[in-house]
file data.txt (compact mmCIF, C-alpha atoms and all ligand atoms)
# COMPACT_ATOMS: atom_id res chain seq x y z
CA MET F 1 21.01 -211.28 -220.04
CA LEU F 2 23.10 -208.36 -218.81
CA LYS F 3 23.38 -205.42 -221.12
CA ALA F 4 26.40 -203.16 -221.06
CA ILE F 5 25.45 -199.55 -220.32
CA SER F 6 27.58 -197.02 -222.14
CA LYS F 7 29.08 -194.01 -220.37
CA ALA F 8 26.80 -191.74 -222.38
CA ASN F 9 23.75 -193.68 -221.17
CA VAL F 10 24.92 -193.42 -217.59
CA ARG F 11 25.27 -189.67 -218.03
CA THR F 12 21.75 -189.40 -219.49
CA LEU F 13 20.39 -191.52 -216.65
CA SER F 14 22.03 -189.39 -213.97
CA GLY F 15 20.78 -186.25 -215.74
CA LEU F 16 17.26 -187.66 -215.71
CA LEU F 17 17.52 -188.59 -212.05
CA GLN F 18 18.74 -185.08 -211.24
CA ARG F 19 15.74 -183.62 -213.02
CA PHE F 20 13.49 -185.48 -210.60
CA GLN F 21 15.34 -184.29 -207.49
CA SER F 22 13.77 -181.52 -205.52
CA THR F 23 15.11 -180.21 -202.26
CA LEU F 24 13.43 -178.21 -199.54
CA VAL F 25 15.75 -176.01 -197.46
CA VAL F 26 14.15 -174.94 -194.20
CA ALA F 27 15.24 -171.35 -193.62
CA GLU F 28 16.52 -170.20 -190.25
CA HIS F 29 15.93 -166.51 -189.65
CA THR F 30 14.88 -163.82 -187.20
CA ASN F 31 11.96 -162.52 -189.33
CA GLU F 32 14.28 -159.62 -190.20
CA THR F 33 17.42 -161.38 -191.37
CA LEU F 34 18.43 -164.73 -192.66
CA THR F 35 20.89 -166.78 -190.61
CA PRO F 36 24.06 -167.30 -192.72
CA ILE F 37 23.98 -171.10 -192.30
CA THR F 38 20.81 -171.18 -194.45
CA LEU F 39 22.88 -169.85 -197.38
CA SER F 40 25.36 -172.70 -196.86
CA ALA F 41 22.48 -175.18 -196.81
CA ILE F 42 21.29 -173.73 -200.15
CA THR F 43 24.74 -174.29 -201.65
CA ALA F 44 24.66 -177.90 -200.43
CA ALA F 45 21.14 -178.37 -201.82
CA SER F 46 22.23 -176.95 -205.20
CA LYS F 47 24.91 -179.64 -205.42
CA LEU F 48 22.20 -182.30 -205.50
CA GLY F 49 20.99 -181.06 -208.87
CA GLY F 50 17.27 -180.59 -209.34
CA GLU F 51 15.10 -177.82 -207.99
CA VAL F 52 15.76 -176.00 -204.70
CA SER F 53 12.86 -174.52 -202.74
CA CYS F 54 13.03 -172.74 -199.38
CA LEU F 55 10.46 -172.76 -196.63
CA VAL F 56 10.22 -169.52 -194.68
CA ALA F 57 7.95 -169.88 -191.68
CA GLY F 58 7.55 -167.01 -189.25
CA THR F 59 5.28 -164.41 -187.81
CA ASN F 60 6.17 -161.47 -190.02
CA CYS F 61 8.75 -162.84 -192.38
CA ALA F 62 8.02 -161.15 -195.72
CA LYS F 63 11.37 -159.35 -195.57
CA VAL F 64 13.34 -162.59 -195.23
CA ALA F 65 11.32 -164.23 -198.01
CA GLU F 66 12.18 -161.26 -200.22
CA GLN F 67 15.90 -161.56 -199.37
CA LEU F 68 15.84 -165.26 -200.11
CA SER F 69 14.14 -164.80 -203.45
CA GLN F 70 17.30 -163.08 -204.69
CA VAL F 71 19.64 -165.86 -203.65
CA ASP F 72 21.23 -167.71 -206.55
CA GLY F 73 19.95 -171.19 -207.21
CA VAL F 74 16.60 -170.95 -205.41
CA LYS F 75 13.57 -171.61 -207.56
CA LYS F 76 10.68 -171.19 -205.18
CA ILE F 77 10.08 -169.67 -201.76
CA LEU F 78 7.27 -171.17 -199.74
CA VAL F 79 6.04 -168.69 -197.14
CA ALA F 80 3.96 -169.57 -194.09
CA GLN F 81 3.07 -166.83 -191.63
CA ASN F 82 1.32 -167.61 -188.37
CA ASP F 83 1.66 -166.46 -184.77
CA ALA F 84 2.30 -170.10 -183.87
CA TYR F 85 5.67 -169.88 -185.64
CA LYS F 86 6.98 -167.36 -183.11
CA GLY F 87 10.42 -168.56 -181.98
CA LEU F 88 10.45 -171.23 -184.73
CA LEU F 89 9.56 -174.02 -182.32
CA PRO F 90 10.08 -177.50 -183.79
CA GLU F 91 6.76 -178.64 -182.31
CA GLU F 92 4.97 -176.11 -184.51
CA LEU F 93 7.19 -176.28 -187.60
CA THR F 94 7.11 -180.06 -187.94
CA PRO F 95 3.43 -180.33 -188.99
CA LEU F 96 4.00 -177.47 -191.43
CA ILE F 97 6.95 -179.25 -193.05
CA LEU F 98 4.96 -182.49 -193.22
CA ALA F 99 2.05 -180.70 -194.89
CA THR F 100 4.46 -179.04 -197.34
CA GLN F 101 6.07 -182.39 -198.06
CA GLU F 102 2.64 -183.90 -198.66
CA GLN F 103 1.95 -181.20 -201.25
CA PHE F 104 5.29 -181.05 -203.07
CA SER F 105 6.88 -184.50 -202.53
CA PHE F 106 10.47 -183.34 -202.13
CA THR F 107 13.21 -185.93 -202.50
CA HIS F 108 15.43 -184.14 -199.95
CA ILE F 109 14.74 -181.92 -196.93
CA CYS F 110 17.62 -180.09 -195.30
CA ALA F 111 18.63 -177.28 -192.96
CA GLY F 112 21.83 -175.98 -191.40
CA ALA F 113 23.39 -178.10 -188.66
CA SER F 114 22.72 -175.42 -186.06
CA ALA F 115 20.69 -175.81 -182.86
CA PHE F 116 17.64 -174.91 -185.00
CA GLY F 117 18.22 -177.58 -187.67
CA LYS F 118 19.35 -180.24 -185.22
CA ASN F 119 16.28 -179.63 -183.11
CA LEU F 120 13.86 -179.70 -185.99
CA LEU F 121 14.90 -182.20 -188.64
CA PRO F 122 15.22 -185.35 -186.49
CA ARG F 123 11.60 -184.73 -185.45
CA VAL F 124 10.55 -184.33 -189.09
CA ALA F 125 12.48 -187.47 -190.05
CA ALA F 126 10.84 -189.48 -187.27
CA LYS F 127 7.40 -188.43 -188.49
CA LEU F 128 8.35 -189.39 -192.06
CA ASP F 129 9.73 -192.67 -190.74
CA VAL F 130 13.18 -192.12 -192.23
CA ALA F 131 16.61 -191.89 -190.58
CA PRO F 132 18.09 -188.38 -190.61
CA ILE F 133 21.75 -187.66 -191.35
CA SER F 134 23.49 -184.89 -189.47
CA ASP F 135 26.56 -182.74 -190.07
CA ILE F 136 27.06 -183.29 -193.77
CA VAL F 137 30.31 -181.79 -195.06
CA GLU F 138 30.22 -182.97 -198.67
CA ILE F 139 27.58 -184.06 -201.17
CA LYS F 140 28.93 -186.89 -203.33
CA SER F 141 25.67 -187.58 -205.16
CA SER F 142 21.94 -187.43 -204.50
CA ASP F 143 22.15 -190.35 -202.08
CA THR F 144 25.77 -190.37 -200.94
CA PHE F 145 27.04 -187.94 -198.37
CA VAL F 146 30.14 -187.35 -196.29
CA ARG F 147 29.40 -186.48 -192.69
CA THR F 148 31.53 -185.72 -189.67
CA ILE F 149 31.58 -187.99 -186.70
CA TYR F 150 33.35 -187.81 -183.38
CA ALA F 151 33.70 -184.10 -182.85
CA GLY F 152 34.49 -183.43 -186.47
CA ASN F 153 37.69 -185.44 -186.26
CA ALA F 154 36.56 -188.36 -188.41
CA LEU F 155 34.58 -188.46 -191.62
CA SER F 156 32.25 -191.18 -192.81
CA THR F 157 30.72 -191.61 -196.23
CA VAL F 158 27.14 -192.83 -196.09
CA LYS F 159 24.76 -194.01 -198.78
CA CYS F 160 21.19 -193.19 -197.86
CA ASN F 161 18.46 -195.44 -199.24
CA GLU F 162 15.56 -193.64 -197.56
CA LYS F 163 12.74 -192.52 -199.81
CA ILE F 164 13.17 -188.96 -198.53
CA LYS F 165 16.63 -187.85 -197.49
CA VAL F 166 16.51 -185.62 -194.41
CA PHE F 167 19.78 -184.02 -193.37
CA THR F 168 21.60 -181.10 -191.78
CA VAL F 169 24.70 -179.51 -193.29
CA ARG F 170 27.74 -178.03 -191.61
CA GLY F 171 27.84 -174.32 -192.36
CA THR F 172 31.61 -174.15 -192.42
CA SER F 173 31.85 -176.80 -195.16
CA PHE F 174 29.80 -175.01 -197.82
CA GLU F 175 30.31 -171.47 -199.11
CA PRO F 176 27.21 -169.32 -198.58
CA ALA F 177 25.08 -169.06 -201.75
CA ALA F 178 25.50 -165.65 -203.37
CA HIS F 179 22.84 -162.94 -203.32
CA GLY F 180 21.78 -160.99 -206.33
CA LYS F 181 21.14 -163.10 -209.38
CA GLY F 182 18.24 -165.19 -208.08
CA SER F 183 14.64 -164.62 -209.06
CA ALA F 184 12.65 -167.18 -207.10
CA THR F 185 8.88 -167.10 -207.09
CA LEU F 186 7.06 -166.61 -203.80
CA GLU F 187 4.19 -168.88 -202.91
CA GLN F 188 2.09 -168.80 -199.74
CA VAL F 189 1.56 -172.19 -198.16
CA SER F 190 -1.27 -172.65 -195.74
CA SER F 191 0.01 -173.02 -192.24
CA ALA F 192 -0.82 -176.27 -190.51
CA SER F 193 -2.99 -176.32 -187.42
CA HIS F 194 -1.57 -174.88 -184.23
CA VAL F 195 -0.22 -177.68 -182.01
CA GLY F 196 0.03 -175.60 -178.86
CA ILE F 197 2.05 -177.97 -176.69
CA SER F 198 4.77 -175.40 -176.14
CA GLU F 199 4.80 -171.67 -176.35
CA TRP F 200 7.76 -169.44 -177.07
CA LEU F 201 7.96 -166.75 -174.42
CA GLU F 202 11.18 -164.79 -174.85
CA GLN F 203 14.88 -164.98 -175.54
CA ASN F 204 17.67 -163.02 -173.95
CA LEU F 205 20.59 -162.60 -176.28
CA THR F 206 23.92 -161.22 -175.22
CA LYS F 207 24.43 -157.83 -176.83
CA SER F 208 27.84 -157.10 -178.24
CA ASP F 209 29.32 -154.44 -180.48
CA ARG F 210 31.77 -156.99 -181.82
CA PRO F 211 31.00 -159.21 -184.80
CA GLU F 212 29.03 -162.39 -184.15
CA LEU F 213 31.29 -165.35 -183.42
CA THR F 214 30.05 -167.74 -186.11
CA SER F 215 30.08 -165.21 -188.94
CA ALA F 216 33.10 -163.03 -188.03
CA LYS F 217 35.99 -162.89 -190.50
CA ALA F 218 38.47 -162.96 -187.63
CA VAL F 219 38.23 -164.61 -184.21
CA VAL F 220 40.53 -164.22 -181.22
CA SER F 221 40.02 -167.01 -178.68
CA GLY F 222 41.39 -167.40 -175.19
CA GLY F 223 41.93 -170.44 -173.03
CA ARG F 224 42.86 -171.37 -169.49
CA GLY F 225 46.22 -169.72 -170.12
CA LEU F 226 44.50 -166.33 -169.67
CA LYS F 227 44.16 -167.21 -165.97
CA SER F 228 41.20 -164.90 -165.22
CA GLY F 229 38.17 -163.18 -166.69
CA GLU F 230 39.82 -159.77 -166.20
CA ASN F 231 42.74 -160.83 -168.37
CA PHE F 232 40.34 -161.42 -171.28
CA LYS F 233 40.43 -157.62 -171.63
CA LEU F 234 43.71 -158.19 -173.47
CA LEU F 235 41.86 -160.26 -176.05
CA TYR F 236 39.00 -157.75 -176.35
CA ASP F 237 41.58 -155.03 -177.06
CA LEU F 238 43.29 -157.19 -179.69
CA ALA F 239 39.93 -158.16 -181.22
CA ASP F 240 38.86 -154.52 -181.47
CA LYS F 241 41.98 -153.73 -183.47
CA LEU F 242 41.18 -156.59 -185.88
CA ASN F 243 37.40 -156.16 -185.95
CA ALA F 244 37.30 -159.70 -184.63
CA ALA F 245 34.89 -161.68 -182.48
CA VAL F 246 36.13 -163.16 -179.21
CA GLY F 247 35.82 -166.87 -178.45
CA ALA F 248 37.05 -169.15 -175.70
CA SER F 249 37.93 -172.72 -174.86
CA ARG F 250 35.65 -174.75 -172.65
CA ALA F 251 38.21 -174.64 -169.84
CA ALA F 252 37.99 -170.83 -169.86
CA VAL F 253 34.18 -171.02 -169.82
CA ASP F 254 34.09 -173.67 -167.09
CA ALA F 255 36.45 -171.58 -164.98
CA GLY F 256 33.94 -168.72 -165.24
CA TYR F 257 36.27 -166.36 -167.14
CA VAL F 258 33.68 -165.76 -169.88
CA PRO F 259 30.05 -166.74 -170.64
CA ASN F 260 29.36 -170.04 -172.39
CA ASP F 261 28.01 -168.46 -175.59
CA MET F 262 31.68 -167.71 -176.33
CA GLN F 263 32.72 -171.38 -176.30
CA VAL F 264 34.23 -172.75 -179.49
CA GLY F 265 34.38 -176.49 -180.05
CA GLN F 266 32.53 -179.76 -180.07
CA THR F 267 30.05 -178.61 -177.45
CA GLY F 268 30.30 -174.95 -178.40
CA LYS F 269 30.18 -173.03 -181.64
CA ILE F 270 31.69 -174.11 -184.94
CA VAL F 271 33.63 -171.32 -186.60
CA ALA F 272 35.67 -171.08 -189.81
CA PRO F 273 36.91 -167.48 -190.09
CA GLU F 274 39.65 -166.20 -192.37
CA LEU F 275 41.82 -165.76 -189.27
CA TYR F 276 41.67 -167.63 -185.96
CA ILE F 277 44.06 -166.62 -183.19
CA ALA F 278 44.23 -169.13 -180.33
CA VAL F 279 45.77 -167.60 -177.23
CA GLY F 280 46.71 -169.80 -174.26
CA ILE F 281 44.73 -172.72 -175.68
CA SER F 282 46.33 -176.16 -175.69
CA GLY F 283 44.44 -177.51 -178.72
CA ALA F 284 42.40 -180.42 -177.36
CA ILE F 285 40.53 -182.31 -180.11
CA GLN F 286 37.22 -181.06 -178.77
CA HIS F 287 38.42 -177.48 -179.27
CA LEU F 288 39.88 -178.23 -182.72
CA ALA F 289 36.48 -179.65 -183.75
CA GLY F 290 35.10 -176.12 -183.61
CA MET F 291 37.83 -174.18 -185.40
CA LYS F 292 40.10 -176.36 -187.51
CA ASP F 293 38.39 -175.32 -190.77
CA SER F 294 39.58 -171.73 -190.23
CA LYS F 295 41.58 -170.46 -193.21
CA THR F 296 44.61 -169.25 -191.24
CA ILE F 297 45.29 -170.38 -187.69
CA VAL F 298 47.67 -168.52 -185.42
CA ALA F 299 48.60 -169.99 -182.03
CA ILE F 300 50.28 -168.26 -179.11
CA ASN F 301 51.34 -170.65 -176.40
CA LYS F 302 54.32 -170.83 -174.05
CA ASP F 303 54.54 -174.61 -174.40
CA PRO F 304 56.28 -175.59 -177.69
CA GLU F 305 54.73 -179.08 -177.40
CA ALA F 306 51.13 -177.79 -177.25
CA PRO F 307 49.00 -179.73 -179.80
CA ILE F 308 47.54 -176.48 -181.15
CA PHE F 309 50.84 -175.98 -183.01
CA GLN F 310 50.08 -179.07 -185.13
CA VAL F 311 47.14 -177.30 -186.79
CA ALA F 312 48.55 -173.77 -186.68
CA ASP F 313 49.78 -172.03 -189.83
CA TYR F 314 51.74 -169.59 -187.66
CA GLY F 315 52.89 -170.44 -184.17
CA LEU F 316 54.41 -168.17 -181.58
CA VAL F 317 56.02 -169.85 -178.58
CA ALA F 318 55.76 -167.05 -176.09
CA ASP F 319 54.16 -165.81 -172.90
CA LEU F 320 50.82 -164.41 -173.97
CA PHE F 321 51.01 -161.62 -171.40
CA LYS F 322 54.02 -160.29 -173.25
CA ALA F 323 53.09 -161.21 -176.83
CA VAL F 324 49.50 -159.92 -176.93
CA PRO F 325 50.28 -156.38 -175.64
CA GLU F 326 53.09 -156.20 -178.20
CA MET F 327 50.66 -157.19 -180.97
CA ILE F 328 48.19 -154.51 -179.85
CA GLU F 329 50.94 -151.87 -179.81
CA THR F 330 52.06 -152.89 -183.31
CA LEU F 331 48.49 -152.74 -184.61
CA LYS F 332 48.08 -149.23 -183.17
CA LYS F 333 50.91 -147.96 -185.39
P1 LIG G 1 44.41 -176.18 -171.17
O1 LIG G 1 44.35 -177.49 -171.83
O2 LIG G 1 44.65 -176.15 -169.71
O3 LIG G 1 45.51 -175.34 -171.91
C1 LIG G 1 45.96 -174.08 -171.51
C2 LIG G 1 47.13 -173.72 -172.41
O4 LIG G 1 47.56 -172.40 -172.09
C3 LIG G 1 48.33 -174.64 -172.24
O5 LIG G 1 48.68 -175.18 -173.52
C4 LIG G 1 49.42 -173.74 -171.70
O6 LIG G 1 50.73 -174.06 -172.20
C5 LIG G 1 48.97 -172.38 -172.19
N1 LIG G 1 49.44 -171.27 -171.34
C6 LIG G 1 49.34 -171.15 -170.00
N2 LIG G 1 49.85 -169.98 -169.59
C7 LIG G 1 50.29 -169.34 -170.71
C8 LIG G 1 50.92 -168.10 -170.95
N3 LIG G 1 51.19 -167.24 -169.94
N4 LIG G 1 51.23 -167.76 -172.21
C9 LIG G 1 50.97 -168.61 -173.25
N5 LIG G 1 50.37 -169.80 -173.08
C10 LIG G 1 50.03 -170.17 -171.82
N6 LIG G 1 36.93 -177.78 -175.11
C11 LIG G 1 36.68 -176.73 -175.89
O7 LIG G 1 37.49 -175.82 -176.00
N7 LIG G 1 35.49 -176.65 -176.58
C12 LIG G 1 34.55 -177.60 -176.51
O8 LIG G 1 33.48 -177.46 -177.14
C13 LIG G 1 34.81 -178.75 -175.70
N8 LIG G 1 33.90 -179.76 -175.63
C14 LIG G 1 34.22 -180.86 -174.90
C15 LIG G 1 33.34 -181.96 -174.89
C16 LIG G 1 33.67 -183.10 -174.18
C17 LIG G 1 32.72 -184.26 -174.20
C18 LIG G 1 34.88 -183.15 -173.44
C19 LIG G 1 35.25 -184.39 -172.69
C20 LIG G 1 35.74 -182.10 -173.42
C21 LIG G 1 35.42 -180.93 -174.14
N9 LIG G 1 36.28 -179.83 -174.16
C22 LIG G 1 36.02 -178.78 -175.00
C23 LIG G 1 37.43 -179.73 -173.23
C24 LIG G 1 38.77 -180.06 -173.85
O9 LIG G 1 39.01 -181.45 -173.74
C25 LIG G 1 39.89 -179.32 -173.11
O10 LIG G 1 39.85 -179.64 -171.75
C26 LIG G 1 39.84 -177.80 -173.25
O11 LIG G 1 39.71 -177.43 -174.59
C27 LIG G 1 41.12 -177.20 -172.69
O12 LIG G 1 41.05 -175.82 -172.71
P2 LIG G 1 42.36 -174.93 -172.75
O13 LIG G 1 43.16 -175.28 -173.95
O14 LIG G 1 41.95 -173.52 -172.56
O15 LIG G 1 43.07 -175.36 -171.40
call {"tool": "encode", "arguments": {"input": "data.txt", "output": "C-alpha cells", "more": "lines below"}}
Ligand code: FAD
result
Amino acid sequence: MLKAISKANVRTLSGLLQRFQSTLVVAEHTNETLTPITLSAITAASKLGGEVSCLVAGTNCAKVAEQLSQVDGVKKILVAQNDAYKGLLPEELTPLILATQEQFSFTHICAGASAFGKNLLPRVAAKLDVAPISDIVEIKSSDTFVRTIYAGNALSTVKCNEKIKVFTVRGTSFEPAAHGKGSATLEQVSSASHVGISEWLEQNLTKSDRPELTSAKAVVSGGRGLKSGENFKLLYDLADKLNAAVGASRAAVDAGYVPNDMQVGQTGKIVAPELYIAVGISGAIQHLAGMKDSKTIVAINKDPEAPIFQVADYGLVADLFKAVPEMIETLKK
C-alpha cells in the first residue's frame, strides 16, 4: 500500500540526507597561496549541505592550510605534506585521495574545473569506479547538477546515481567563498606511498606586472583585427589605465601576435571579470565560451554585423585604431 508523504516529512527527510552528506574539496594552490577556483569549489560544495572538508597536499603547505581554515563554511582541513606532492602531480595525489576517502567516506569529492582538477579527478573517479562529472555550473540537489556542454553554449541537467559523486566546478559560476569567519580544524593525514612514475621538474611561468587573466576585475582582449603583435601595445596601454589583464582570441594567438597563455575561450582560459572589452574580435562561439559570463561586455568592432555585438552590453562600431587611442586619451584626463 502506498502511503502519502507529507511536505513536512519530505523536508525532514531531505534534512536528514543533508546531514549525511560530506564533501571533500581538493585544494589547488602554490604552497604559498590558494588558487581562487578552490574558493568557488567550496561555495559549490556548501550548496550540497552537509560537512565540507578540504584536502591540502603539498611540500610545504602550512600557510595555505592556515588560509583555508579561515574560509567560511569549511569544517576540516586535511593536510598531507610530502616531497612527492611537488607540482601536485595527479599520479601522486590520486592514491592520497583514495586513502583519504577510505578513511572518511565522503559522499562527494570535487575540485575546480581547471587544468589541475580536470587532470586529477577523472583519475580518482576511475579508481573509485564511478563516472565523473565535469564543468558543473549549478547544484540543484545532492545528486542533481547542471553542467555545461559544447563549449559552454549548452547546459544539461544530470542526475548522478553513483555512490560517490566526483565532479569539477566552473569557477566563474560560483562566487568565491568568503575569508574571515571560518574556524576549521586542521588534521594531518598520512601521505600515501610514493608512486614515482613521474617526477615534477620545473615550471616556467610568464611573468607579468598586470593582473592575472582569470582573476582580474577587468580584461581587455584583442583579436585578429589588431593585425600584428606590435599593435597589441595599444591594448597594453589601455589595460594599464584600467588595471586590467590582457587576453586574446585564438586567431590572434595562432597568428603569433601574442603567447597562447593569453587565449580566452573554449580551448583557452575561462574568465568572468566585471568588465570585458573585446577589441577586433568577431565573437565566435568558441571565444564566447570563455568570456560570456563577464558582468559587462564592451565590444569594439568595425563590422556592425559581428556576432560579438549580440552578447555585448555596450557596442562601438568603429575602427579600433581610432577608438582605442581615443579611449586611452580620455582615461588620461
Ligand atoms: P576573426 O573572426 O577574424 O575576427 C576579427 C574581427 O576583427 C572581425 O569581426 C573584424 O570585423 C574585426 N576588425 C578587423 N579590423 C578591425 C578594425 N580595424 N577595427 C575594428 N574591428 C576590426 N577562438 C577563441 O578565441 N578561443 C578559443 O578558445 C577557441 N577555441 C576553438 C576551438 C575549436 C575546436 C575551434 C574549431 C575553434 C576555436 N576558436 C577559438 C576559434 C574561433 O572559431 C574563431 O576562429 C576565433 O575566435 C576568431 O578570432 P577573431 O575574432 O580574433 O578573428
call {"tool": "residues_around", "arguments": {"input": "data.txt", "residues": "Arg170 of chain F", "least_positions_apart": "3", "cutoff": "7 Å", "atoms": "only C-alpha atoms", "output": "PyMOL selection string"}}
result
chain F and resi 112-113+135-137+173
call {"tool": "closest_residue", "arguments": {"input": "data.txt", "among": "F:Ala244, F:Leu88, F:Leu98, F:Ala115", "to": "Leu128 of chain F", "atoms": "all atoms listed in the file"}}
result
F:Leu98
call {"tool": "atom_distance", "arguments": {"input": "data.txt", "atom1": "atom CA of Ile77 of chain F", "atom2": "atom CA of Gln188 of chain F"}}
result
8.3 Å
call {"tool": "closest_residue", "arguments": {"input": "data.txt", "among": "F:Leu288, F:Lys159, F:Leu89, F:Val264", "to": "Leu201 of chain F", "atoms": "only C-alpha atoms"}}
result
F:Leu89
call {"tool": "closest_atom_pairs", "arguments": {"input": "data.txt", "of": "segment 92-196 of chain F", "to": "segment 52-55 of chain F", "cutoff": "9 Å", "atoms": "all atoms listed in the file", "output": "CSV"}}
result
residue,atom,partner,partner_atom,distance
F:Ile97,CA,F:Leu55,CA,8.2
F:Thr100,CA,F:Leu55,CA,8.7
F:Ala184,CA,F:Ser53,CA,8.5
call {"tool": "residues_near_ligand", "arguments": {"input": "data.txt", "ligand": "ligand LIG 1 (chain G)", "cutoff": "8 Å", "atoms": "all atoms listed in the file", "output": "PyMOL selection string"}}
result
chain F and resi 222-227+248-252+263-269+279-290+300-304+306-308+317-321
call {"tool": "closest_residue", "arguments": {"input": "data.txt", "among": "F:Ile139, F:Cys110, F:Ala45, F:Ile297", "to": "Ile164 of chain F", "atoms": "only C-alpha atoms"}}
result
F:Cys110
call {"tool": "closest_residue", "arguments": {"input": "data.txt", "among": "F:Val246, F:Glu66, F:Gly87, F:Ser46", "to": "Glu202 of chain F", "atoms": "only C-alpha atoms"}}
result
F:Gly87
call {"tool": "atom_distance", "arguments": {"input": "data.txt", "atom1": "atom CA of Leu68 of chain F", "atom2": "atom CA of Thr107 of chain F"}}
result
21.0 Å
call {"tool": "build_atoms", "arguments": {"input": "data.txt", "residues": "segment 56-67 of chain F", "atoms": "N, CA and C atoms", "output": "CSV table (one decimal), in the coordinates of the input"}}
result
chain,number,residue,atom,x,y,z
F,56,VAL,N,10.0,-170.6,-195.7
F,56,VAL,CA,10.2,-169.5,-194.7
F,56,VAL,C,9.0,-169.5,-193.8
F,57,ALA,N,9.1,-169.9,-192.6
F,57,ALA,CA,8.0,-169.9,-191.7
F,57,ALA,C,8.3,-168.8,-190.6
F,58,GLY,N,7.3,-168.0,-190.3
F,58,GLY,CA,7.6,-167.0,-189.2
F,58,GLY,C,6.3,-166.3,-189.0
F,59,THR,N,6.5,-165.2,-188.2
F,59,THR,CA,5.3,-164.4,-187.8
F,59,THR,C,5.1,-163.2,-188.8
F,60,ASN,N,6.2,-162.7,-189.2
F,60,ASN,CA,6.2,-161.5,-190.0
F,60,ASN,C,7.4,-161.5,-190.9
F,61,CYS,N,7.5,-162.5,-191.8
F,61,CYS,CA,8.8,-162.8,-192.4
F,61,CYS,C,8.9,-162.5,-193.9
F,62,ALA,N,8.0,-161.5,-194.3
F,62,ALA,CA,8.0,-161.2,-195.7
F,62,ALA,C,9.4,-160.6,-196.2
F,63,LYS,N,10.1,-159.9,-195.2
F,63,LYS,CA,11.4,-159.4,-195.6
F,63,LYS,C,12.4,-160.5,-195.9
F,64,VAL,N,12.4,-161.5,-195.0
F,64,VAL,CA,13.3,-162.6,-195.2
F,64,VAL,C,13.0,-163.3,-196.5
F,65,ALA,N,11.7,-163.5,-196.8
F,65,ALA,CA,11.3,-164.2,-198.0
F,65,ALA,C,11.8,-163.4,-199.2
F,66,GLU,N,11.7,-162.1,-199.1
F,66,GLU,CA,12.2,-161.3,-200.2
F,66,GLU,C,13.7,-161.4,-200.4
F,67,GLN,N,14.4,-161.4,-199.3
F,67,GLN,CA,15.9,-161.6,-199.4
F,67,GLN,C,16.2,-162.9,-200.0
